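Undergrad: Got entry_21.csv for you, CSV, C-alpha atoms:
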chain,number,residue,atom,x,y,z
A,1,GLN,CA,0.0,0.0,0.0
A,2,LYS,CA,1.5,3.3,-1.1
A,3,GLU,CA,1.2,6.0,1.5
A,4,VAL,CA,1.7,9.7,1.5
A,5,GLU,CA,1.7,11.4,4.9
A,6,GLN,CA,1.1,15.0,5.7
A,7,ASN,CA,0.5,16.8,9.0
A,8,SER,CA,-3.2,17.8,8.9
A,9,GLY,CA,-2.5,21.1,10.7
A,10,PRO,CA,-3.8,23.7,10.8
A,11,LEU,CA,-0.5,25.4,10.3
A,12,SER,CA,-0.9,29.0,11.4
A,13,VAL,CA,1.7,31.7,10.3
A,14,PRO,CA,1.7,35.5,10.4
A,15,GLU,CA,1.5,37.4,7.2
A,16,GLY,CA,5.0,37.9,5.7
A,17,ALA,CA,6.4,34.8,7.3
A,18,ILE,CA,7.7,31.6,5.7
A,19,ALA,CA,5.3,28.6,5.7
A,20,SER,CA,6.9,25.2,5.5
A,21,LEU,CA,4.7,22.2,4.5
A,22,ASN,CA,6.1,18.7,4.6
A,23,CYS,CA,5.2,15.4,3.1
A,24,THR,CA,6.7,11.9,3.3
A,25,TYR,CA,6.0,9.0,1.0
A,26,SER,CA,6.5,5.2,1.3
A,27,ASP,CA,7.1,4.1,-2.3
A,28,ARG,CA,10.8,4.3,-3.2
A,29,GLY,CA,9.9,3.9,-6.9
A,30,SER,CA,8.0,7.2,-7.0
A,31,GLN,CA,9.0,9.4,-9.9
A,32,SER,CA,7.1,12.6,-9.8
A,33,PHE,CA,5.9,14.8,-7.0
A,34,PHE,CA,3.3,17.5,-6.9
A,35,TRP,CA,1.9,20.2,-4.7
A,36,TYR,CA,-1.7,21.3,-5.1
A,37,ARG,CA,-3.6,24.1,-3.4
A,38,GLN,CA,-7.3,23.7,-2.6
A,39,TYR,CA,-9.4,26.5,-1.4
A,40,SER,CA,-12.5,25.6,0.6
A,41,GLY,CA,-15.3,24.4,-1.7
A,42,LYS,CA,-13.1,24.4,-4.8
A,43,SER,CA,-11.1,21.7,-6.7
A,44,PRO,CA,-7.3,21.3,-6.3
A,45,GLU,CA,-5.0,23.3,-8.6
A,46,LEU,CA,-1.3,22.7,-9.3
A,47,ILE,CA,1.2,24.9,-7.4
A,48,MET,CA,4.4,23.1,-8.3
A,49,PHE,CA,5.8,19.8,-9.5
A,50,ILE,CA,9.3,18.4,-9.0
A,51,TYR,CA,11.0,15.3,-10.5
A,52,SER,CA,14.7,15.6,-9.4
A,53,ASN,CA,16.4,15.8,-6.0
A,54,GLY,CA,17.1,19.3,-4.8
A,55,ASP,CA,15.2,22.6,-4.9
A,56,LYS,CA,12.9,24.1,-7.5
A,57,GLU,CA,11.8,27.7,-7.2
A,58,ASP,CA,8.8,29.5,-8.7
A,59,GLY,CA,8.1,32.9,-7.4
A,60,ARG,CA,7.3,32.8,-3.7
A,61,PHE,CA,7.2,28.9,-3.8
A,62,THR,CA,10.0,26.5,-3.4
A,63,ALA,CA,9.6,22.7,-3.6
A,64,GLN,CA,12.3,20.6,-2.1
A,65,LEU,CA,12.8,16.9,-2.8
A,66,ASN,CA,15.0,14.4,-1.0
A,67,LYS,CA,14.5,10.9,-2.5
A,68,ALA,CA,16.9,9.2,-0.1
A,69,SER,CA,14.8,10.4,2.8
A,70,GLN,CA,11.5,10.0,0.9
A,71,TYR,CA,10.6,13.6,1.7
A,72,VAL,CA,9.2,16.5,-0.2
A,73,SER,CA,8.4,19.9,1.1
A,74,LEU,CA,6.9,23.2,0.0
A,75,LEU,CA,8.1,26.5,1.3
A,76,ILE,CA,6.0,29.6,0.8
A,77,ARG,CA,7.9,32.9,1.3
A,78,ASP,CA,6.2,36.2,2.3
A,79,SER,CA,3.0,34.3,3.1
A,80,GLN,CA,-0.2,36.2,2.3
A,81,PRO,CA,-3.8,35.7,3.7
A,82,SER,CA,-4.7,34.6,0.1
A,83,ASP,CA,-2.4,31.6,0.6
A,84,SER,CA,-4.8,30.3,3.3
A,85,ALA,CA,-5.9,26.9,1.9
A,86,THR,CA,-5.3,23.2,2.1
A,87,TYR,CA,-2.2,22.0,0.4
A,88,LEU,CA,-2.2,18.5,-1.0
A,89,CYS,CA,1.0,16.5,-1.7
A,90,ALA,CA,0.7,14.0,-4.5
A,91,VAL,CA,3.3,11.3,-5.5
A,92,ASN,CA,3.2,9.5,-8.7
A,93,GLY,CA,4.7,6.1,-9.6
A,94,ALA,CA,4.1,3.5,-12.2
A,95,SER,CA,1.7,0.7,-11.6
A,96,GLY,CA,1.3,-1.9,-14.3
A,97,GLY,CA,2.3,0.6,-16.9
A,98,SER,CA,-0.3,3.2,-15.9
A,99,TYR,CA,0.4,6.2,-13.6
A,100,ILE,CA,-1.7,6.5,-10.5
A,101,PRO,CA,-1.0,9.3,-8.1
A,102,THR,CA,-1.3,8.9,-4.4
A,103,PHE,CA,-2.5,11.9,-2.5
A,104,GLY,CA,-1.9,12.9,1.1
A,105,ARG,CA,-4.8,14.1,3.2
A,106,GLY,CA,-3.6,17.7,3.0
A,107,THR,CA,-2.3,20.3,5.4
A,108,SER,CA,-4.5,23.3,6.2
A,109,LEU,CA,-2.6,26.6,6.2
A,110,ILE,CA,-3.9,29.7,7.8
A,111,VAL,CA,-2.1,33.0,7.2
A,112,HIS,CA,-3.3,35.6,9.6
A,113,PRO,CA,-2.8,39.4,9.1
B,1,ASP,CA,-5.4,26.0,-21.1
B,2,VAL,CA,-6.6,22.5,-20.1
B,3,LYS,CA,-10.2,22.4,-19.4
B,4,VAL,CA,-12.0,19.7,-17.4
B,5,THR,CA,-15.7,20.1,-17.1
B,6,GLN,CA,-18.2,18.2,-15.1
B,7,SER,CA,-21.9,17.9,-15.9
B,8,SER,CA,-23.3,19.3,-12.7
B,9,ARG,CA,-22.0,21.4,-9.8
B,10,TYR,CA,-24.8,20.3,-7.4
B,11,LEU,CA,-27.1,17.2,-7.5
B,12,VAL,CA,-29.8,16.0,-5.2
B,13,LYS,CA,-30.9,12.4,-5.6
B,14,ARG,CA,-33.0,10.0,-3.7
B,15,THR,CA,-31.9,6.6,-2.3
B,16,GLY,CA,-32.0,3.9,-4.9
B,17,GLU,CA,-31.8,6.2,-7.9
B,18,LYS,CA,-29.3,5.7,-10.7
B,19,VAL,CA,-26.9,8.6,-10.9
B,20,PHE,CA,-24.7,9.6,-13.9
B,21,LEU,CA,-21.8,12.0,-13.4
B,22,GLU,CA,-20.0,13.0,-16.6
B,23,CYS,CA,-16.6,14.5,-17.1
B,24,VAL,CA,-15.1,15.9,-20.3
B,25,GLN,CA,-11.5,17.0,-21.0
B,26,ASP,CA,-10.3,18.9,-24.0
B,27,MET,CA,-6.5,18.1,-23.9
B,28,ASP,CA,-6.4,14.6,-25.4
B,29,HIS,CA,-5.2,13.2,-22.1
B,30,GLU,CA,-4.9,9.4,-21.9
B,31,ASN,CA,-5.6,9.2,-18.2
B,32,MET,CA,-8.9,10.1,-16.5
B,33,PHE,CA,-9.8,9.7,-12.8
B,34,TRP,CA,-12.8,9.8,-10.5
B,35,TYR,CA,-12.3,10.7,-6.9
B,36,ARG,CA,-14.5,11.4,-4.0
B,37,GLN,CA,-13.5,13.8,-1.3
B,38,ASP,CA,-14.9,13.8,2.3
B,39,PRO,CA,-13.8,15.9,5.3
B,40,GLY,CA,-10.9,14.3,7.1
B,41,LEU,CA,-10.5,11.5,4.5
B,42,GLY,CA,-8.9,13.4,1.7
B,43,LEU,CA,-9.1,12.4,-1.9
B,44,ARG,CA,-10.0,8.7,-2.5
B,45,LEU,CA,-9.7,7.2,-5.9
B,46,ILE,CA,-12.8,5.4,-7.2
B,47,TYR,CA,-11.8,4.4,-10.7
B,48,PHE,CA,-9.4,5.5,-13.3
B,49,SER,CA,-9.0,4.9,-17.1
B,50,TYR,CA,-5.8,5.0,-19.1
B,51,ASP,CA,-7.4,4.5,-22.5
B,52,VAL,CA,-10.8,4.3,-24.3
B,53,LYS,CA,-12.8,1.3,-22.9
B,54,MET,CA,-10.1,0.6,-20.3
B,55,LYS,CA,-10.7,1.0,-16.6
B,56,GLU,CA,-9.2,0.0,-13.4
B,57,LYS,CA,-10.5,0.0,-9.9
B,58,GLY,CA,-9.2,2.4,-7.4
B,59,ASP,CA,-9.4,2.2,-3.6
B,60,ILE,CA,-13.1,2.4,-3.2
B,61,PRO,CA,-14.9,1.1,-6.3
B,62,GLU,CA,-17.8,-0.6,-4.5
B,63,GLY,CA,-21.2,0.8,-5.5
B,64,TYR,CA,-19.8,2.6,-8.6
B,65,SER,CA,-19.1,1.8,-12.2
B,66,VAL,CA,-17.5,3.8,-15.0
B,67,SER,CA,-17.7,4.1,-18.7
B,68,ARG,CA,-15.2,5.5,-21.2
B,69,GLU,CA,-16.5,5.2,-24.8
B,70,LYS,CA,-14.6,8.2,-26.1
B,71,LYS,CA,-11.1,9.5,-25.1
B,72,GLU,CA,-12.4,12.9,-23.9
B,73,ARG,CA,-15.3,11.6,-21.8
B,74,PHE,CA,-15.3,9.6,-18.6
B,75,SER,CA,-18.6,8.8,-16.8
B,76,LEU,CA,-19.2,7.7,-13.2
B,77,ILE,CA,-22.3,5.8,-12.5
B,78,LEU,CA,-23.9,5.1,-9.1
B,79,GLU,CA,-26.1,2.1,-9.8
B,80,SER,CA,-28.3,2.6,-6.8
B,81,ALA,CA,-27.5,5.7,-4.8
B,82,SER,CA,-27.2,5.4,-1.1
B,83,THR,CA,-26.8,8.1,1.6
B,84,ASN,CA,-23.2,7.1,2.3
B,85,GLN,CA,-22.4,8.2,-1.3
B,86,THR,CA,-23.2,11.8,-0.4
B,87,SER,CA,-19.9,13.5,-1.2
B,88,MET,CA,-17.9,15.8,-3.4
B,89,TYR,CA,-17.0,14.0,-6.6
B,90,LEU,CA,-13.9,15.2,-8.5
B,91,CYS,CA,-12.9,14.3,-12.0
B,92,ALA,CA,-9.3,14.7,-13.2
B,93,SER,CA,-7.2,14.0,-16.3
B,94,SER,CA,-3.5,13.8,-17.0
B,95,PHE,CA,-0.9,12.8,-19.6
B,96,ARG,CA,1.1,9.9,-18.3
B,97,GLN,CA,2.6,10.8,-14.9
B,98,GLU,CA,2.3,14.5,-15.4
B,99,THR,CA,0.1,17.0,-13.6
B,100,GLN,CA,-3.5,16.2,-12.9
B,101,TYR,CA,-6.1,18.7,-14.0
B,102,PHE,CA,-9.3,18.7,-12.0
B,103,GLY,CA,-12.8,19.6,-12.9
B,104,PRO,CA,-14.8,22.0,-10.6
B,105,GLY,CA,-16.4,19.1,-8.8
B,106,THR,CA,-20.0,17.8,-8.3
B,107,ARG,CA,-21.5,18.0,-4.8
B,108,LEU,CA,-23.9,15.1,-4.5
B,109,LEU,CA,-26.5,14.8,-1.8
B,110,VAL,CA,-28.4,11.5,-1.5
B,111,LEU,CA,-31.6,11.8,0.5
Mind converting the file's structure to structure tokens?
TA:
Amino acid sequence: QKEVEQNSGPLSVPEGAIASLNCTYSDRGSQSFFWYRQYSGKSPELIMFIYSNGDKEDGRFTAQLNKASQYVSLLIRDSQPSDSATYLCAVNGASGGSYIPTFGRGTSLIVHP
Amino acid sequence: DVKVTQSSRYLVKRTGEKVFLECVQDMDHENMFWYRQDPGLGLRLIYFSYDVKMKEKGDIPEGYSVSREKKERFSLILESASTNQTSMYLCASSFRQETQYFGPGTRLLVL
């Protein structure tokens, strides 16, 4: 059984701070890693994806991947109240030739003014 | 832009009714997925399809069936709706192991 673990939170940070969201996964064969943001009542939307070990930056967001430790994280710099949402980590591996992502249950982030 | 649409945003059905939820994507994606999302339980995969007429069971297929007659369209069928199928249903599509694109969701209430 492939598992993706996230702390459910809520993670509460003040406006302007760095929010750090973490995710661990069980399947060493995982090949691609995604962070989605989901506002209440809405569907998930992609924030970032990462395939290789190391850091990947996009604006205020940085994804970090460590395959040896089976760990992926998302840093949000200069957090804004509009970043308040649930963040889903998804990990994708191959199963019988098809690609089925496994989602974590999400971390709720609250950015307070 | 990838667009995934779902036939209804809100549905109210009675116990025992047959329910059809339809999903259409416009990016020629091979993979299509149906999830349900419930508070505290996260996204749970019901079924997915990696090609026309191909389907595989996900984690919670009981009480559901699917149909994929055309590449762009993936339907979820509740053969006999029950109250425990009240949920948010999300459709998604992807190309191979790349990003999933989600539809807006259908909030289903079974009375």
Undergrad: Name all residues at most 10 Å from stretch 37-53 of chain A (count all atoms listed in the file; drop same-chain ones fewer than 4 positions away) and give them as a compact mmCIF listing (two decimals) with C-alpha atoms, in the coordinates of the input.
TA:
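Wrote selection_7.txt, looks like this:
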# COMPACT_ATOMS: atom_id res chain seq x y z
CA SER A 30 8.00 7.20 -7.00
CA GLN A 31 9.00 9.40 -9.90
CA SER A 32 7.10 12.60 -9.80
CA PHE A 33 5.90 14.80 -7.00
CA GLU A 57 11.80 27.70 -7.20
CA ASP A 58 8.80 29.50 -8.70
CA PHE A 61 7.20 28.90 -3.80
CA THR A 62 10.00 26.50 -3.40
CA ALA A 63 9.60 22.70 -3.60
CA GLN A 64 12.30 20.60 -2.10
CA LEU A 65 12.80 16.90 -2.80
CA ASN A 66 15.00 14.40 -1.00
CA LYS A 67 14.50 10.90 -2.50
CA ALA A 68 16.90 9.20 -0.10
CA TYR A 71 10.60 13.60 1.70
CA VAL A 72 9.20 16.50 -0.20
CA LEU A 74 6.90 23.20 0.00
CA SER A 82 -4.70 34.60 0.10
CA ASP A 83 -2.40 31.60 0.60
CA SER A 84 -4.80 30.30 3.30
CA ALA A 85 -5.90 26.90 1.90
CA THR A 86 -5.30 23.20 2.10
CA TYR A 87 -2.20 22.00 0.40
CA LEU A 88 -2.20 18.50 -1.00
CA CYS A 89 1.00 16.50 -1.70
CA ALA A 90 0.70 14.00 -4.50
CA VAL A 91 3.30 11.30 -5.50
CA ASN A 92 3.20 9.50 -8.70
CA GLY A 106 -3.60 17.70 3.00
CA THR A 107 -2.30 20.30 5.40
CA SER A 108 -4.50 23.30 6.20
CA LEU A 109 -2.60 26.60 6.20
CA GLN B 37 -13.50 13.80 -1.30
CA MET B 88 -17.90 15.80 -3.40
CA TYR B 89 -17.00 14.00 -6.60
CA LEU B 90 -13.90 15.20 -8.50
CA CYS B 91 -12.90 14.30 -12.00
CA ALA B 92 -9.30 14.70 -13.20
CA GLU B 98 2.30 14.50 -15.40
CA THR B 99 0.10 17.00 -13.60
CA GLN B 100 -3.50 16.20 -12.90
CA TYR B 101 -6.10 18.70 -14.00
CA PHE B 102 -9.30 18.70 -12.00
CA GLY B 103 -12.80 19.60 -12.90
CA PRO B 104 -14.80 22.00 -10.60
CA GLY B 105 -16.40 19.10 -8.80
CA THR B 106 -20.00 17.80 -8.30
CA ARG B 107 -21.50 18.00 -4.80
Undergrad: If you count only C-alpha atoms, which residues fall within 6 Å of stretch 1-8 of chain B, apart from same-chain ones fewer than 5 positions away, as a VMD selection string?
TA: chain B and resid 22 to 27 103 106
Undergrad: Which of these residues is nearest to chain A, using only C-alpha atoms: B:Arg36, B:Lys53, B:Arg44, B:Lys70?
TA: B:Arg44
Undergrad: Neighbourhood query: residues within 10 Å of (-1.5, 37.4, 12.9), file coordinates, counting all atoms listed in the file; return as a VMD selection string.
TA: chain A and resid 12 to 16 81 110 to 113
Undergrad: Please compute the atom CA of B:Arg14-atom CA of B:Tyr64 distance, one decimal, in Å.
TA: 15.9 Å
Undergrad: Quick check, in Å to one decimal: how far apart do atom CA of A:Asn7 and atom CA of A:Gly104 lie?
TA: 9.1 Å
Undergrad: Of the candidates A:Gln70, A:Gln1, A:Gln80, A:Ser20, which shows the shortest atom-to-atom distance to chain B, using only C-alpha atoms?
TA: A:Gln1
Undergrad: Could you tell me which of A:Lys56, A:Glu5, A:Ala17, A:Asp27 comes closest to chain B if we count all atoms listed in the file?
TA: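 Of all the options, A:Glu5 lies closest to chain B.
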Undergrad: Could you check which of B:Met54, B:Leu111, B:Leu41, B:Leu76 is closest to chain A, using only C-alpha atoms?
TA: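 Residue with the minimum atom-to-atom distance to chain A: B:Leu41.
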Undergrad: Out of A:Ser69, A:Gly54, A:Arg105, A:Tyr25, which residue has the shortest atom-to-atom distance to chain B when counting all atoms listed in the file?
TA: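 Of all the options, A:Arg105 lies closest to chain B.
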Undergrad: Just to confirm, what's the straight-line distance from atom CA of B:Thr83 to atom CA of B:Leu109 in Å (one decimal)?
TA: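 Separation of atom CA of B:Thr83 and atom CA of B:Leu109: 7.5 Å.
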Undergrad: Residues near B:Gly58, anyone? I mean within 12 Å using only C-alpha atoms, not counting same-chain ones fewer than 6 positions away, as a ChimeraX atom specification.
TA: /A:95,100-102 /B:32-36,43-49,64-66
Undergrad: Of the candidates A:Ser26, A:Trp35, A:Ile76, A:Asp55, which one gets nearest to chain B if we count all atoms listed in the file?
TA: A:Trp35
Undergrad: Missing atoms in stretch 43-63 of chain B need filling: write out N, CA, C and O atoms for it as a PDB file, keeping the file's coordinate frame.
TA:
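The result, written out as part_37.pdb:
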ATOM      1  N   LEU B  43      -8.677  12.859  -0.622  1.00  0.00           N
ATOM      2  CA  LEU B  43      -9.100  12.400  -1.900  1.00  0.00           C
ATOM      3  C   LEU B  43      -8.978  10.857  -1.990  1.00  0.00           C
ATOM      4  O   LEU B  43      -7.917  10.320  -1.718  1.00  0.00           O
ATOM      5  N   ARG B  44     -10.048  10.207  -2.367  1.00  0.00           N
ATOM      6  CA  ARG B  44     -10.000   8.700  -2.500  1.00  0.00           C
ATOM      7  C   ARG B  44     -10.365   8.368  -3.946  1.00  0.00           C
ATOM      8  O   ARG B  44     -11.380   8.816  -4.469  1.00  0.00           O
ATOM      9  N   LEU B  45      -9.506   7.549  -4.536  1.00  0.00           N
ATOM     10  CA  LEU B  45      -9.700   7.200  -5.900  1.00  0.00           C
ATOM     11  C   LEU B  45     -10.759   6.106  -6.070  1.00  0.00           C
ATOM     12  O   LEU B  45     -10.686   5.057  -5.433  1.00  0.00           O
ATOM     13  N   ILE B  46     -11.723   6.372  -6.944  1.00  0.00           N
ATOM     14  CA  ILE B  46     -12.800   5.400  -7.200  1.00  0.00           C
ATOM     15  C   ILE B  46     -12.446   4.507  -8.348  1.00  0.00           C
ATOM     16  O   ILE B  46     -12.415   3.290  -8.242  1.00  0.00           O
ATOM     17  N   TYR B  47     -12.204   5.119  -9.493  1.00  0.00           N
ATOM     18  CA  TYR B  47     -11.800   4.400 -10.700  1.00  0.00           C
ATOM     19  C   TYR B  47     -10.892   5.310 -11.515  1.00  0.00           C
ATOM     20  O   TYR B  47     -10.951   6.533 -11.400  1.00  0.00           O
ATOM     21  N   PHE B  48     -10.081   4.692 -12.348  1.00  0.00           N
ATOM     22  CA  PHE B  48      -9.400   5.500 -13.300  1.00  0.00           C
ATOM     23  C   PHE B  48      -9.346   4.720 -14.672  1.00  0.00           C
ATOM     24  O   PHE B  48      -9.598   3.519 -14.727  1.00  0.00           O
ATOM     25  N   SER B  49      -9.033   5.460 -15.709  1.00  0.00           N
ATOM     26  CA  SER B  49      -9.000   4.900 -17.100  1.00  0.00           C
ATOM     27  C   SER B  49      -7.751   5.428 -17.765  1.00  0.00           C
ATOM     28  O   SER B  49      -7.482   6.625 -17.710  1.00  0.00           O
ATOM     29  N   TYR B  50      -7.000   4.544 -18.415  1.00  0.00           N
ATOM     30  CA  TYR B  50      -5.800   5.000 -19.100  1.00  0.00           C
ATOM     31  C   TYR B  50      -5.952   4.891 -20.648  1.00  0.00           C
ATOM     32  O   TYR B  50      -4.999   5.125 -21.388  1.00  0.00           O
ATOM     33  N   ASP B  51      -7.161   4.539 -21.074  1.00  0.00           N
ATOM     34  CA  ASP B  51      -7.400   4.500 -22.500  1.00  0.00           C
ATOM     35  C   ASP B  51      -8.914   4.292 -22.734  1.00  0.00           C
ATOM     36  O   ASP B  51      -9.629   3.881 -21.800  1.00  0.00           O
ATOM     37  N   VAL B  52      -9.356   4.498 -23.936  1.00  0.00           N
ATOM     38  CA  VAL B  52     -10.800   4.300 -24.300  1.00  0.00           C
ATOM     39  C   VAL B  52     -11.115   2.814 -23.939  1.00  0.00           C
ATOM     40  O   VAL B  52     -10.347   1.891 -24.239  1.00  0.00           O
ATOM     41  N   LYS B  53     -12.261   2.635 -23.293  1.00  0.00           N
ATOM     42  CA  LYS B  53     -12.800   1.300 -22.900  1.00  0.00           C
ATOM     43  C   LYS B  53     -11.950   0.610 -21.847  1.00  0.00           C
ATOM     44  O   LYS B  53     -12.289  -0.505 -21.456  1.00  0.00           O
ATOM     45  N   MET B  54     -10.892   1.217 -21.366  1.00  0.00           N
ATOM     46  CA  MET B  54     -10.100   0.600 -20.300  1.00  0.00           C
ATOM     47  C   MET B  54     -10.392   1.260 -18.989  1.00  0.00           C
ATOM     48  O   MET B  54     -10.555   2.487 -18.908  1.00  0.00           O
ATOM     49  N   LYS B  55     -10.460   0.444 -17.948  1.00  0.00           N
ATOM     50  CA  LYS B  55     -10.700   1.000 -16.600  1.00  0.00           C
ATOM     51  C   LYS B  55     -10.051   0.103 -15.591  1.00  0.00           C
ATOM     52  O   LYS B  55      -9.861  -1.090 -15.806  1.00  0.00           O
ATOM     53  N   GLU B  56      -9.696   0.730 -14.491  1.00  0.00           N
ATOM     54  CA  GLU B  56      -9.200   0.000 -13.400  1.00  0.00           C
ATOM     55  C   GLU B  56      -9.766   0.491 -12.081  1.00  0.00           C
ATOM     56  O   GLU B  56     -10.014   1.691 -11.937  1.00  0.00           O
ATOM     57  N   LYS B  57      -9.976  -0.409 -11.156  1.00  0.00           N
ATOM     58  CA  LYS B  57     -10.500   0.000  -9.900  1.00  0.00           C
ATOM     59  C   LYS B  57      -9.520   0.739  -9.061  1.00  0.00           C
ATOM     60  O   LYS B  57      -8.334   0.439  -9.085  1.00  0.00           O
ATOM     61  N   GLY B  58     -10.041   1.712  -8.334  1.00  0.00           N
ATOM     62  CA  GLY B  58      -9.200   2.400  -7.400  1.00  0.00           C
ATOM     63  C   GLY B  58      -9.365   1.848  -6.007  1.00  0.00           C
ATOM     64  O   GLY B  58      -9.563   0.650  -5.829  1.00  0.00           O
ATOM     65  N   ASP B  59      -9.327   2.712  -5.008  1.00  0.00           N
ATOM     66  CA  ASP B  59      -9.400   2.200  -3.600  1.00  0.00           C
ATOM     67  C   ASP B  59     -10.772   1.937  -3.127  1.00  0.00           C
ATOM     68  O   ASP B  59     -10.950   1.117  -2.236  1.00  0.00           O
ATOM     69  N   ILE B  60     -11.770   2.607  -3.716  1.00  0.00           N
ATOM     70  CA  ILE B  60     -13.100   2.400  -3.200  1.00  0.00           C
ATOM     71  C   ILE B  60     -14.148   2.291  -4.348  1.00  0.00           C
ATOM     72  O   ILE B  60     -15.050   3.094  -4.512  1.00  0.00           O
ATOM     73  N   PRO B  61     -14.053   1.233  -5.141  1.00  0.00           N
ATOM     74  CA  PRO B  61     -14.900   1.100  -6.300  1.00  0.00           C
ATOM     75  C   PRO B  61     -16.341   0.576  -5.999  1.00  0.00           C
ATOM     76  O   PRO B  61     -17.227   0.664  -6.852  1.00  0.00           O
ATOM     77  N   GLU B  62     -16.559   0.075  -4.787  1.00  0.00           N
ATOM     78  CA  GLU B  62     -17.800  -0.600  -4.500  1.00  0.00           C
ATOM     79  C   GLU B  62     -18.985   0.406  -4.605  1.00  0.00           C
ATOM     80  O   GLU B  62     -18.956   1.494  -4.035  1.00  0.00           O
ATOM     81  N   GLY B  63     -20.006  -0.004  -5.338  1.00  0.00           N
ATOM     82  CA  GLY B  63     -21.200   0.800  -5.500  1.00  0.00           C
ATOM     83  C   GLY B  63     -21.110   1.770  -6.702  1.00  0.00           C
ATOM     84  O   GLY B  63     -22.054   2.518  -6.973  1.00  0.00           O
TER      85      GLY B  63
END
